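Asks: protein04.tsv is reproduced in full below (TSV, C-alpha atoms).
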chain	number	residue	atom	x	y	z
I	17	ASN	CA	-27.03	-70.95	207.84
I	18	THR	CA	-24.58	-68.48	206.30
I	19	ILE	CA	-26.61	-67.30	203.30
I	20	PHE	CA	-26.54	-63.50	203.06
I	21	ARG	CA	-24.73	-63.32	206.42
I	22	GLY	CA	-21.45	-61.94	205.07
I	23	ASN	CA	-20.64	-58.42	203.98
I	24	SER	CA	-20.14	-57.65	200.31
I	25	LEU	CA	-20.83	-54.87	197.86
I	26	ALA	CA	-24.14	-56.55	197.06
I	27	THR	CA	-25.26	-56.82	200.68
I	28	LYS	CA	-24.16	-53.21	201.35
I	29	GLY	CA	-26.33	-52.20	198.41
I	30	TYR	CA	-29.29	-53.98	199.98
I	31	ASP	CA	-28.59	-52.25	203.30
I	32	VAL	CA	-28.81	-48.85	201.60
I	33	TYR	CA	-31.88	-49.95	199.63
I	34	MET	CA	-33.72	-50.92	202.81
I	35	LYS	CA	-32.89	-47.61	204.44
I	36	MET	CA	-34.02	-45.74	201.33
I	37	HIS	CA	-37.43	-47.36	201.30
I	38	GLY	CA	-37.92	-48.45	204.90
I	39	MET	CA	-37.05	-45.69	207.35
I	40	HIS	CA	-40.64	-44.48	207.80
I	41	TYR	CA	-41.80	-48.08	208.27
I	42	LEU	CA	-38.97	-48.73	210.74
I	43	HIS	CA	-39.85	-45.66	212.79
I	44	GLU	CA	-43.56	-46.49	212.84
I	45	THR	CA	-42.79	-50.01	214.02
I	46	LEU	CA	-39.97	-49.56	216.54
I	47	LYS	CA	-39.76	-45.94	217.65
I	48	PRO	CA	-42.66	-45.87	220.14
I	49	LEU	CA	-41.41	-48.93	222.02
I	50	LEU	CA	-37.75	-47.94	221.98
I	51	HIS	CA	-38.57	-44.49	223.29
I	52	GLU	CA	-40.69	-46.06	226.02
I	53	LEU	CA	-37.76	-48.29	226.93
I	54	ARG	CA	-35.45	-45.30	227.13
I	55	GLY	CA	-37.65	-43.72	229.75
I	56	SER	CA	-38.08	-46.92	231.76
I	57	SER	CA	-36.20	-47.95	234.90
I	58	VAL	CA	-37.24	-51.61	234.56
I	59	GLU	CA	-34.29	-53.98	235.02
I	60	MET	CA	-33.60	-56.56	232.30
I	61	GLU	CA	-30.10	-57.85	233.03
I	62	VAL	CA	-30.19	-61.66	232.97
I	63	ASP	CA	-26.49	-62.51	233.16
I	64	GLU	CA	-25.67	-63.06	236.84
I	65	THR	CA	-22.09	-61.90	236.31
I	66	ARG	CA	-23.38	-58.48	235.19
I	67	LEU	CA	-25.89	-57.77	237.94
I	68	ASP	CA	-25.40	-54.38	239.60
I	69	LYS	CA	-26.64	-55.32	243.04
I	70	ALA	CA	-26.83	-58.50	245.08
I	71	THR	CA	-30.53	-57.81	245.54
I	72	ASP	CA	-31.27	-57.94	241.78
I	73	SER	CA	-33.45	-60.88	240.81
I	74	VAL	CA	-32.55	-62.72	237.61
I	75	ALA	CA	-36.01	-64.29	237.58
I	76	ASP	CA	-37.69	-60.87	237.79
I	77	ASN	CA	-35.39	-59.50	235.11
I	78	PHE	CA	-36.19	-62.40	232.80
I	79	ALA	CA	-39.87	-61.72	233.30
I	80	ASN	CA	-39.31	-58.06	232.39
I	81	LEU	CA	-37.23	-58.95	229.33
I	82	LYS	CA	-39.80	-61.48	228.11
I	83	ARG	CA	-42.66	-59.06	228.64
I	84	PHE	CA	-41.01	-56.32	226.61
I	85	MET	CA	-39.75	-58.77	223.98
I	86	LYS	CA	-43.29	-60.04	223.48
I	87	ARG	CA	-44.52	-56.50	222.86
I	88	LEU	CA	-41.65	-55.91	220.43
I	89	VAL	CA	-42.30	-58.99	218.32
I	90	ASP	CA	-46.04	-58.36	218.36
I	91	ALA	CA	-45.41	-54.87	216.98
I	92	ILE	CA	-43.17	-56.23	214.23
I	93	PHE	CA	-45.49	-59.08	213.29
I	94	ALA	CA	-48.49	-56.72	213.17
I	95	SER	CA	-46.61	-54.42	210.78
I	96	HIS	CA	-46.61	-56.73	207.75
I	97	GLU	CA	-49.28	-54.76	205.89
I	98	ARG	CA	-47.22	-51.57	206.26
I	99	ALA	CA	-44.01	-53.16	205.01
I	100	PRO	CA	-42.89	-51.19	201.94
I	101	ALA	CA	-43.88	-52.62	198.55
I	102	PRO	CA	-40.24	-52.56	197.36
I	103	PHE	CA	-39.34	-54.82	200.29
I	104	LYS	CA	-42.03	-57.30	199.36
I	105	VAL	CA	-40.95	-57.39	195.71
I	106	VAL	CA	-37.29	-58.03	196.57
I	107	PHE	CA	-38.05	-60.54	199.33
I	108	SER	CA	-40.53	-62.40	197.11
I	109	ARG	CA	-37.92	-62.90	194.43
I	110	MET	CA	-35.23	-63.71	196.96
I	111	ALA	CA	-37.34	-66.41	198.59
I	112	CYS	CA	-38.19	-67.89	195.19
I	113	TYR	CA	-34.58	-68.00	194.01
I	114	CYS	CA	-33.33	-69.50	197.27
I	115	ARG	CA	-36.06	-72.15	197.22
I	116	GLU	CA	-34.98	-73.14	193.71
I	117	ARG	CA	-31.26	-73.03	194.55
I	118	PHE	CA	-31.54	-74.96	197.83
I	119	PRO	CA	-34.51	-77.33	197.35
I	120	ASP	CA	-33.42	-79.63	200.20
I	121	ASP	CA	-33.31	-76.87	202.81
I	122	PRO	CA	-36.74	-76.75	204.48
I	123	VAL	CA	-36.25	-73.31	206.07
I	124	VAL	CA	-34.27	-71.39	203.45
I	125	THR	CA	-37.37	-69.48	202.32
I	126	TRP	CA	-37.61	-67.94	205.77
I	127	THR	CA	-33.95	-67.62	206.74
I	128	SER	CA	-32.99	-65.94	203.47
I	129	VAL	CA	-35.54	-63.18	204.01
I	130	ALA	CA	-34.75	-62.95	207.72
I	131	GLY	CA	-31.08	-62.50	206.82
I	132	PHE	CA	-32.03	-59.11	205.44
I	133	VAL	CA	-35.07	-57.79	207.23
I	134	PHE	CA	-33.84	-58.77	210.72
I	135	LEU	CA	-30.05	-59.16	210.50
I	136	ARG	CA	-29.64	-56.00	208.41
I	137	PHE	CA	-32.67	-53.88	209.33
I	138	PHE	CA	-34.60	-54.44	212.55
I	139	CYS	CA	-31.76	-55.76	214.73
I	140	PRO	CA	-29.20	-53.08	213.76
I	141	ALA	CA	-31.84	-50.43	214.45
I	142	ILE	CA	-32.39	-51.87	217.92
I	143	LEU	CA	-28.65	-52.17	218.64
I	144	GLY	CA	-27.83	-48.71	217.28
I	145	PRO	CA	-31.01	-46.63	217.28
I	146	GLN	CA	-28.99	-43.43	216.92
I	147	LEU	CA	-27.80	-44.65	213.50
I	148	PHE	CA	-31.40	-44.88	212.30
I	149	ASN	CA	-32.58	-41.55	213.75
I	150	ILE	CA	-34.66	-43.31	216.39
I	151	TYR	CA	-32.55	-41.82	219.20
I	152	GLU	CA	-30.72	-38.53	218.86
I	153	ASP	CA	-27.61	-39.75	220.65
I	154	ILE	CA	-25.81	-42.93	221.74
I	155	PRO	CA	-27.70	-44.90	224.45
I	156	GLU	CA	-26.10	-44.93	227.87
I	157	PRO	CA	-24.57	-48.30	228.91
I	158	LYS	CA	-27.52	-49.73	230.84
I	159	LEU	CA	-29.98	-48.91	228.06
I	160	ALA	CA	-27.52	-50.22	225.45
I	161	ARG	CA	-27.40	-53.51	227.35
I	162	LYS	CA	-31.20	-53.80	227.33
I	163	LEU	CA	-31.19	-53.16	223.58
I	164	THR	CA	-28.50	-55.81	223.11
I	165	LEU	CA	-30.53	-58.44	224.98
I	166	LEU	CA	-33.61	-57.63	222.91
I	167	ALA	CA	-31.65	-57.77	219.65
I	168	LYS	CA	-30.00	-61.06	220.61
I	169	THR	CA	-33.38	-62.65	221.24
I	170	LEU	CA	-34.94	-61.22	218.10
I	171	GLN	CA	-32.01	-62.41	215.97
I	172	ASN	CA	-32.23	-65.96	217.32
I	173	LEU	CA	-35.96	-65.97	216.78
I	174	SER	CA	-35.52	-64.80	213.18
I	175	ASN	CA	-32.91	-67.52	212.67
I	176	LEU	CA	-35.50	-70.02	213.97
I	177	VAL	CA	-33.03	-71.29	216.57
I	178	GLU	CA	-32.95	-71.41	220.34
I	179	PHE	CA	-30.13	-70.25	222.59
I	180	GLY	CA	-27.59	-72.98	223.40
I	181	GLN	CA	-24.34	-73.46	225.28
I	182	LYS	CA	-22.69	-70.51	223.53
I	183	GLU	CA	-24.85	-68.19	225.67
I	184	PRO	CA	-26.33	-70.41	228.36
I	185	TYR	CA	-27.54	-67.50	230.47
I	186	MET	CA	-30.00	-66.65	227.66
I	187	MET	CA	-31.54	-70.13	227.51
I	188	PRO	CA	-34.56	-69.17	229.65
I	189	MET	CA	-35.64	-67.06	226.65
I	190	ASN	CA	-36.10	-70.24	224.63
I	191	ASP	CA	-39.69	-70.74	225.71
I	192	LEU	CA	-40.59	-67.37	224.19
I	193	ILE	CA	-38.64	-68.20	221.02
I	194	THR	CA	-40.37	-71.55	220.54
I	195	SER	CA	-43.78	-70.00	221.14
I	196	GLU	CA	-43.13	-67.33	218.48
I	197	ILE	CA	-41.40	-69.34	215.72
I	198	GLU	CA	-44.59	-70.05	213.77
I	199	HIS	CA	-45.57	-66.39	214.04
I	200	MET	CA	-42.12	-65.47	212.73
I	201	LYS	CA	-42.53	-67.80	209.74
I	202	ALA	CA	-45.96	-66.32	209.03
I	203	PHE	CA	-44.55	-62.78	209.13
I	204	LEU	CA	-41.71	-63.69	206.76
I	205	ASP	CA	-44.22	-65.31	204.39
I	206	LYS	CA	-46.37	-62.17	204.42
I	207	ILE	CA	-43.49	-59.84	203.52
I	208	SER	CA	-42.30	-62.15	200.71
I	209	PRO	CA	-45.63	-62.98	199.01
I	210	ALA	CA	-45.82	-65.09	195.87
I	211	GLN	CA	-47.67	-62.18	194.22
I	212	PRO	CA	-46.00	-59.00	195.51
I	213	PRO	CA	-47.74	-55.64	195.18
I	214	PRO	CA	-46.76	-53.22	192.41
I	215	CYS	CA	-43.96	-50.81	193.25
I	216	THR	CA	-44.59	-47.08	192.99
I	217	ALA	CA	-42.05	-44.32	193.24
I	218	GLU	CA	-41.71	-43.00	196.79
I	219	PRO	CA	-39.66	-40.12	198.25
I	220	LEU	CA	-36.30	-41.29	199.56
I	221	ALA	CA	-36.14	-41.42	203.35
I	222	LEU	CA	-32.42	-40.69	203.72
I	223	ASP	CA	-29.47	-38.76	202.42
I	224	LEU	CA	-28.33	-41.06	199.62
I	225	GLU	CA	-24.98	-39.33	199.09
I	226	LEU	CA	-24.16	-39.66	202.79
I	227	GLU	CA	-25.12	-43.35	202.87
I	228	LEU	CA	-23.05	-44.20	199.81
I	229	ALA	CA	-20.07	-42.40	201.29
I	230	CYS	CA	-20.12	-44.53	204.44
Please rewrite the model in this file as structure tokens.
Replies:
Amino acid sequence: NTIFRGNSLATKGYDVYMKMHGMHYLHETLKPLLHELRGSSVEMEVDETRLDKATDSVADNFANLKRFMKRLVDAIFASHERAPAPFKVVFSRMACYCRERFPDDPVVTWTSVAGFVFLRFFCPAILGPQLFNIYEDIPEPKLARKLTLLAKTLQNLSNLVEFGQKEPYMMPMNDLITSEIEHMKAFLDKISPAQPPPCTAEPLALDLELELAC
């Protein structure tokens, strides 16, 4: 459960590598939906202690959150063919090595890849879209909260786990998570194929000197 979850020089290198090769892919996949969300007044707060008004409906907000979350995961899952070839090469080897190193772990092939593409790529871009040039500035608090709820759900889904007592208010999202787990596994398989495509040189999508200085 902790593989590739910590921060090290190696994982920082992978973070930069994914930005170098994946920013265009990230923007194609997430930017339209996140910009739509920014212009939306739909309520998504599902923690009763955080509701703004006594008239807010947690049930309605859950329905809104699930509806948008479904669109978000559908967009990500449909993007597998556009995932950069360098991603697929690295993830293919990573999955193979982890399978050999942890033969008794039935999910390590998926969680090892998810530990990079979701924990270090998609979810940070949702939590901090201004850091990935998706938004031009920091989201205001209500929008930031919506992004947090979406990222929480996406991270649990990529971990192949449901919400539990640590965050009981999120447990109604578990039906969406369980319905999407097999789709998540299929997506992770597709971006870590046994026979990855050949890598070709591509223009860098970021300021490398700036990233390495961070």
Asks: Taking into account only C-alpha atoms, which residue in the set I:Met60, I:Lys104, I:Pro214, I:Glu198 is nearest to Arg83 in chain I?
Replies: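 Between I:Met60, I:Lys104, I:Pro214, I:Glu198, the residue approaching Arg83 in chain I most closely is I:Met60.
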Asks: Would you mind telling me which residue in I:Glu61, I:Glu152, I:Asp191, I:Asp31 lies nearest to Leu166 in chain I when using all atoms listed in the file?
Replies: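 Closest candidate: I:Glu61.
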Asks: Figure out the distance between CA of Pro102 in chain I and CA of Gly38 in chain I, please, to one decimal in Å.
Replies: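 Taking CA of Gly38 in chain I and CA of Pro102 in chain I, their separation equals 8.9 Å.
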Asks: Between CA of Cys112 in chain I and CA of Leu204 in chain I, what is the distance in Å, rounded to a tenth?
Replies: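 Those two atoms sit 12.8 Å apart.
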Asks: Taking 6 positions as the minimum chain separation for residues in the same chain, which residues sit within 10 Å of range 153-162 of chain I when counting all atoms listed in the file? Answer as a PyMOL selection string.
Replies: chain I and resi 50+53-62+81+142-147+168
Asks: Which value, in Å to one decimal, gives the distance between CA of Gln171 in chain I and CA of Met36 in chain I?
Replies: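 Value for the CA of Gln171 in chain I-CA of Met36 in chain I distance: 22.3 Å.
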Asks: Can you pull out the residues contacting Val133 in chain I? Cut-off 10 Å, using all atoms listed in the file, and skip same-chain residues under 2 positions away; I want them as number ranges by chain.
Replies: I: 31, 34, 103, 107, 127-131, 135-140, 174, 204, 207
Asks: From the options I:Ser95, I:Ser208, I:Thr194, I:Thr164, which residue's atoms come nearest to Thr45 in chain I, counting all atoms listed in the file?
Replies: I:Ser95
Asks: Taking (-33.1, -47.3, 211.4) in the file's coordinates, which residues come within 7 Å, counting only C-alpha atoms, written as an NGL selection string?
Replies: :I and (35 or 39 or 42 or 137 or 141 or 145 or 147-150)
Asks: For Glu64 in chain I, find every residue with an atom within 10 Å (counting all atoms listed in the file), except residues of its own chain fewer than 6 positions away, and show them as a list in words.
Replies: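 With the cut-off at 10 Å, the set is Ala70, Asp72, Ser73, Val74 and Tyr185 of chain I.
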Asks: When distances are computed from all atoms listed in the file, which of I:Cys114, I:Ile92, I:Leu46, I:Val106 shows the smallest separation from Leu163 in chain I?
Replies: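 Among I:Cys114, I:Ile92, I:Leu46, I:Val106, it is I:Leu46 that comes nearest to Leu163 in chain I.
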Asks: Could I see range 82-104 of chain I restored to N, CA, C and O atoms, set down as a PDB file, in the frame of the given file?
Replies:
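And here is the file that came out, out-v1.pdb:
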ATOM      1  N   LYS I  82     -38.819 -60.739 228.913  1.00  0.00           N
ATOM      2  CA  LYS I  82     -39.800 -61.480 228.110  1.00  0.00           C
ATOM      3  C   LYS I  82     -41.027 -60.629 227.829  1.00  0.00           C
ATOM      4  O   LYS I  82     -41.567 -60.653 226.713  1.00  0.00           O
ATOM      5  N   ARG I  83     -41.459 -59.886 228.818  1.00  0.00           N
ATOM      6  CA  ARG I  83     -42.660 -59.060 228.640  1.00  0.00           C
ATOM      7  C   ARG I  83     -42.436 -57.992 227.564  1.00  0.00           C
ATOM      8  O   ARG I  83     -43.272 -57.809 226.674  1.00  0.00           O
ATOM      9  N   PHE I  84     -41.288 -57.353 227.605  1.00  0.00           N
ATOM     10  CA  PHE I  84     -41.010 -56.320 226.610  1.00  0.00           C
ATOM     11  C   PHE I  84     -40.732 -56.948 225.244  1.00  0.00           C
ATOM     12  O   PHE I  84     -41.162 -56.429 224.206  1.00  0.00           O
ATOM     13  N   MET I  85     -40.048 -58.083 225.251  1.00  0.00           N
ATOM     14  CA  MET I  85     -39.750 -58.770 223.980  1.00  0.00           C
ATOM     15  C   MET I  85     -41.039 -59.192 223.293  1.00  0.00           C
ATOM     16  O   MET I  85     -41.158 -59.088 222.057  1.00  0.00           O
ATOM     17  N   LYS I  86     -42.006 -59.646 224.051  1.00  0.00           N
ATOM     18  CA  LYS I  86     -43.290 -60.040 223.480  1.00  0.00           C
ATOM     19  C   LYS I  86     -43.968 -58.856 222.814  1.00  0.00           C
ATOM     20  O   LYS I  86     -44.525 -58.967 221.705  1.00  0.00           O
ATOM     21  N   ARG I  87     -43.923 -57.700 223.455  1.00  0.00           N
ATOM     22  CA  ARG I  87     -44.520 -56.500 222.860  1.00  0.00           C
ATOM     23  C   ARG I  87     -43.780 -56.094 221.582  1.00  0.00           C
ATOM     24  O   ARG I  87     -44.380 -55.665 220.602  1.00  0.00           O
ATOM     25  N   LEU I  88     -42.463 -56.263 221.599  1.00  0.00           N
ATOM     26  CA  LEU I  88     -41.650 -55.910 220.430  1.00  0.00           C
ATOM     27  C   LEU I  88     -41.978 -56.795 219.239  1.00  0.00           C
ATOM     28  O   LEU I  88     -42.213 -56.303 218.127  1.00  0.00           O
ATOM     29  N   VAL I  89     -42.019 -58.113 219.454  1.00  0.00           N
ATOM     30  CA  VAL I  89     -42.300 -58.990 218.320  1.00  0.00           C
ATOM     31  C   VAL I  89     -43.742 -58.848 217.852  1.00  0.00           C
ATOM     32  O   VAL I  89     -44.026 -58.935 216.649  1.00  0.00           O
ATOM     33  N   ASP I  90     -44.648 -58.589 218.771  1.00  0.00           N
ATOM     34  CA  ASP I  90     -46.040 -58.360 218.360  1.00  0.00           C
ATOM     35  C   ASP I  90     -46.131 -57.137 217.456  1.00  0.00           C
ATOM     36  O   ASP I  90     -46.872 -57.141 216.462  1.00  0.00           O
ATOM     37  N   ALA I  91     -45.396 -56.079 217.796  1.00  0.00           N
ATOM     38  CA  ALA I  91     -45.410 -54.870 216.980  1.00  0.00           C
ATOM     39  C   ALA I  91     -44.844 -55.141 215.582  1.00  0.00           C
ATOM     40  O   ALA I  91     -45.376 -54.664 214.573  1.00  0.00           O
ATOM     41  N   ILE I  92     -43.764 -55.909 215.526  1.00  0.00           N
ATOM     42  CA  ILE I  92     -43.170 -56.230 214.230  1.00  0.00           C
ATOM     43  C   ILE I  92     -44.099 -57.115 213.410  1.00  0.00           C
ATOM     44  O   ILE I  92     -44.347 -56.851 212.224  1.00  0.00           O
ATOM     45  N   PHE I  93     -44.630 -58.146 214.027  1.00  0.00           N
ATOM     46  CA  PHE I  93     -45.490 -59.080 213.290  1.00  0.00           C
ATOM     47  C   PHE I  93     -46.758 -58.385 212.791  1.00  0.00           C
ATOM     48  O   PHE I  93     -47.270 -58.702 211.721  1.00  0.00           O
ATOM     49  N   ALA I  94     -47.270 -57.434 213.564  1.00  0.00           N
ATOM     50  CA  ALA I  94     -48.490 -56.720 213.170  1.00  0.00           C
ATOM     51  C   ALA I  94     -48.228 -55.697 212.070  1.00  0.00           C
ATOM     52  O   ALA I  94     -49.185 -55.152 211.496  1.00  0.00           O
ATOM     53  N   SER I  95     -46.959 -55.482 211.743  1.00  0.00           N
ATOM     54  CA  SER I  95     -46.610 -54.420 210.780  1.00  0.00           C
ATOM     55  C   SER I  95     -46.553 -54.905 209.344  1.00  0.00           C
ATOM     56  O   SER I  95     -46.229 -54.114 208.449  1.00  0.00           O
ATOM     57  N   HIS I  96     -46.857 -56.169 209.076  1.00  0.00           N
ATOM     58  CA  HIS I  96     -46.610 -56.730 207.750  1.00  0.00           C
ATOM     59  C   HIS I  96     -47.341 -55.985 206.642  1.00  0.00           C
ATOM     60  O   HIS I  96     -46.825 -55.854 205.526  1.00  0.00           O
ATOM     61  N   GLU I  97     -48.543 -55.478 206.933  1.00  0.00           N
ATOM     62  CA  GLU I  97     -49.280 -54.760 205.890  1.00  0.00           C
ATOM     63  C   GLU I  97     -48.622 -53.425 205.551  1.00  0.00           C
ATOM     64  O   GLU I  97     -48.797 -52.910 204.435  1.00  0.00           O
ATOM     65  N   ARG I  98     -47.894 -52.854 206.495  1.00  0.00           N
ATOM     66  CA  ARG I  98     -47.220 -51.570 206.260  1.00  0.00           C
ATOM     67  C   ARG I  98     -45.825 -51.731 205.689  1.00  0.00           C
ATOM     68  O   ARG I  98     -45.169 -50.735 205.369  1.00  0.00           O
ATOM     69  N   ALA I  99     -45.345 -52.959 205.581  1.00  0.00           N
ATOM     70  CA  ALA I  99     -44.010 -53.160 205.010  1.00  0.00           C
ATOM     71  C   ALA I  99     -43.978 -52.588 203.594  1.00  0.00           C
ATOM     72  O   ALA I  99     -44.912 -52.785 202.813  1.00  0.00           O
ATOM     73  N   PRO I 100     -42.936 -51.849 203.241  1.00  0.00           N
ATOM     74  CA  PRO I 100     -42.890 -51.190 201.940  1.00  0.00           C
ATOM     75  C   PRO I 100     -43.006 -52.174 200.776  1.00  0.00           C
ATOM     76  O   PRO I 100     -42.444 -53.274 200.832  1.00  0.00           O
ATOM     77  N   ALA I 101     -43.733 -51.769 199.736  1.00  0.00           N
ATOM     78  CA  ALA I 101     -43.880 -52.620 198.550  1.00  0.00           C
ATOM     79  C   ALA I 101     -42.536 -53.029 197.960  1.00  0.00           C
ATOM     80  O   ALA I 101     -42.376 -54.187 197.553  1.00  0.00           O
ATOM     81  N   PRO I 102     -41.532 -52.135 197.890  1.00  0.00           N
ATOM     82  CA  PRO I 102     -40.240 -52.560 197.360  1.00  0.00           C
ATOM     83  C   PRO I 102     -39.606 -53.694 198.165  1.00  0.00           C
ATOM     84  O   PRO I 102     -38.925 -54.554 197.598  1.00  0.00           O
ATOM     85  N   PHE I 103     -39.816 -53.705 199.483  1.00  0.00           N
ATOM     86  CA  PHE I 103     -39.340 -54.820 200.290  1.00  0.00           C
ATOM     87  C   PHE I 103     -39.982 -56.123 199.831  1.00  0.00           C
ATOM     88  O   PHE I 103     -39.321 -57.137 199.629  1.00  0.00           O
ATOM     89  N   LYS I 104     -41.298 -56.077 199.684  1.00  0.00           N
ATOM     90  CA  LYS I 104     -42.030 -57.300 199.360  1.00  0.00           C
ATOM     91  C   LYS I 104     -41.641 -57.837 197.983  1.00  0.00           C
ATOM     92  O   LYS I 104     -41.575 -59.061 197.787  1.00  0.00           O
TER      93      LYS I 104
END
